[in-house]
Amino acid sequence: MDFRSRSNQPQPARPAGQAARQSYEENTNNGNSNGNGSMHMNTPRPDNKRLLMIAGVALVVIVLLVFGLLFAKNKFMGVENEIKKDKFQAVFLTNGQVYFCKLAQIEHGYAKCQNIYYLQVQQAVQPADSKDKKDEQPQVSLTKLGNELHGPEDSMYIARDQILFWENLKDDGKVAQAIKEHQTKK
């Protein structure tokens, strides 16, 4: 703002054209005139340029983080939408173990299984004759988690990187039918 014209001292008379031009420049440029009557656009000072650059970089980083989080959420949580809550799932682990359970949630790098069953192979205490061994099939049974020596609860958290894959089980499959039979015997 220009306070020269507000002083109590009388101002020298200016020609009408010069006064109008100066008044116009003061209103449009807010005093950003180089003194010779040419107008300049408002250019930010070097400190403002640096601040604008930092703000721009920060904005780009924030936008990238938001998109990254949304992508990660869709990648990991999108799988959870494929879990059929009314069915059992077969969860195949990297160590060869398979669990049949209800997958409850997959988050924070872990999958939560509940109502868990697994296959147990029965081995004979006494080795059979070599002739009988060929015809004998190993006995496989479905076992409910919770009756083991260490007495676990019926829920398990499995590290996501230990899961090779999982599948929804059909109701008419042998494992699903065996689970239903076990549940009706309770």
# chains A, B, ... in the order shown; residues from 1 in each chain; ligands from 1
>>> residues_around(residues="stretch 109-114 of chain A", least_positions_apart="3", cutoff="7 Å", atoms="only C-alpha atoms", output="list in words")
Cys101, Lys102, Leu103, Ala104, Gln105, Ile106, Asp154, Ser155, Met156, Tyr157, Ile158, Ala159 and Arg160 of chain A
>>> write_last_selection(atoms="C-alpha atoms", output="mmCIF file, in the first residue's frame")
data_model
loop_
_atom_site.group_PDB
_atom_site.id
_atom_site.type_symbol
_atom_site.label_atom_id
_atom_site.label_comp_id
_atom_site.auth_asym_id
_atom_site.auth_seq_id
_atom_site.Cartn_x
_atom_site.Cartn_y
_atom_site.Cartn_z
ATOM 1 C CA CYS A 101 -11.310 -74.674 8.673
ATOM 2 C CA LYS A 102 -13.456 -71.593 8.443
ATOM 3 C CA LEU A 103 -11.249 -68.712 7.392
ATOM 4 C CA ALA A 104 -12.471 -65.793 9.446
ATOM 5 C CA GLN A 105 -10.203 -62.964 8.321
ATOM 6 C CA ILE A 106 -6.983 -62.209 6.521
ATOM 7 C CA ASP A 154 -10.086 -74.003 18.275
ATOM 8 C CA SER A 155 -8.618 -71.000 16.497
ATOM 9 C CA MET A 156 -5.299 -70.502 14.792
ATOM 10 C CA TYR A 157 -3.427 -67.582 13.254
ATOM 11 C CA ILE A 158 -1.303 -68.610 10.285
ATOM 12 C CA ALA A 159 1.352 -66.304 8.841
ATOM 13 C CA ARG A 160 0.256 -65.281 5.373
#
>>> residues_around(residues="A:Ile179", least_positions_apart="3", cutoff="9 Å", atoms="only C-alpha atoms", output="PyMOL selection string")
chain A and resi 100+117+142+144+174-176+182-184
>>> write_last_selection(atoms="C-alpha atoms", output="PDB file, in the first residue's frame")
ATOM      1  CA  PHE A 100      -9.721 -77.595   6.901  1.00  0.00           C
ATOM      2  CA  TYR A 117      -9.725 -80.077  11.264  1.00  0.00           C
ATOM      3  CA  LEU A 142      -9.993 -86.451   9.993  1.00  0.00           C
ATOM      4  CA  LYS A 144     -10.555 -82.056  15.206  1.00  0.00           C
ATOM      5  CA  LYS A 174     -15.575 -86.127   1.221  1.00  0.00           C
ATOM      6  CA  VAL A 175     -13.887 -83.782   3.707  1.00  0.00           C
ATOM      7  CA  ALA A 176     -16.942 -81.513   4.039  1.00  0.00           C
ATOM      8  CA  HIS A 182     -18.304 -85.225  13.135  1.00  0.00           C
ATOM      9  CA  GLN A 183     -20.391 -82.180  14.052  1.00  0.00           C
ATOM     10  CA  THR A 184     -23.627 -84.202  14.232  1.00  0.00           C
TER      11      THR A 184
END
>>> residues_around(residues="A:Asp86", least_positions_apart="2", cutoff="10 Å", atoms="only C-alpha atoms", output="list in words")
Ile83, Lys84, Phe88, Gln89, Lys102, Asn168 and Asp171 of chain A
>>> write_last_selection(atoms="N, CA and C atoms", output="short mmCIF file (atom, residue, chain, number, x, y, z; two decimals), in the first residue's frame")
data_model
loop_
_atom_site.label_atom_id
_atom_site.label_comp_id
_atom_site.auth_asym_id
_atom_site.auth_seq_id
_atom_site.Cartn_x
_atom_site.Cartn_y
_atom_site.Cartn_z
N ILE A 83 -13.84 -65.51 0.31
CA ILE A 83 -14.10 -66.55 1.30
C ILE A 83 -15.61 -66.72 1.43
N LYS A 84 -16.07 -67.93 1.21
CA LYS A 84 -17.50 -68.24 1.38
C LYS A 84 -17.70 -68.61 2.84
N PHE A 88 -16.48 -74.51 4.42
CA PHE A 88 -15.14 -74.70 4.96
C PHE A 88 -14.13 -74.42 3.86
N GLN A 89 -12.91 -74.08 4.27
CA GLN A 89 -11.82 -73.85 3.35
C GLN A 89 -10.70 -74.84 3.64
N LYS A 102 -12.72 -72.78 8.90
CA LYS A 102 -13.46 -71.59 8.44
C LYS A 102 -12.48 -70.43 8.54
N ASN A 168 -12.17 -72.89 -1.26
CA ASN A 168 -13.48 -73.13 -0.67
C ASN A 168 -13.85 -74.59 -0.97
N ASP A 171 -19.84 -78.62 -0.62
CA ASP A 171 -20.60 -79.31 0.42
C ASP A 171 -20.64 -80.82 0.21
#
>>> residues_around(residues="stretch 162-167 of chain A", least_positions_apart="3", cutoff="7 Å", atoms="only C-alpha atoms", output="PyMOL selection string")
chain A and resi 89-94+159
>>> atom_distance(atom1="atom CA of A:Asn147", atom2="atom CA of A:Leu119")
13.6 Å
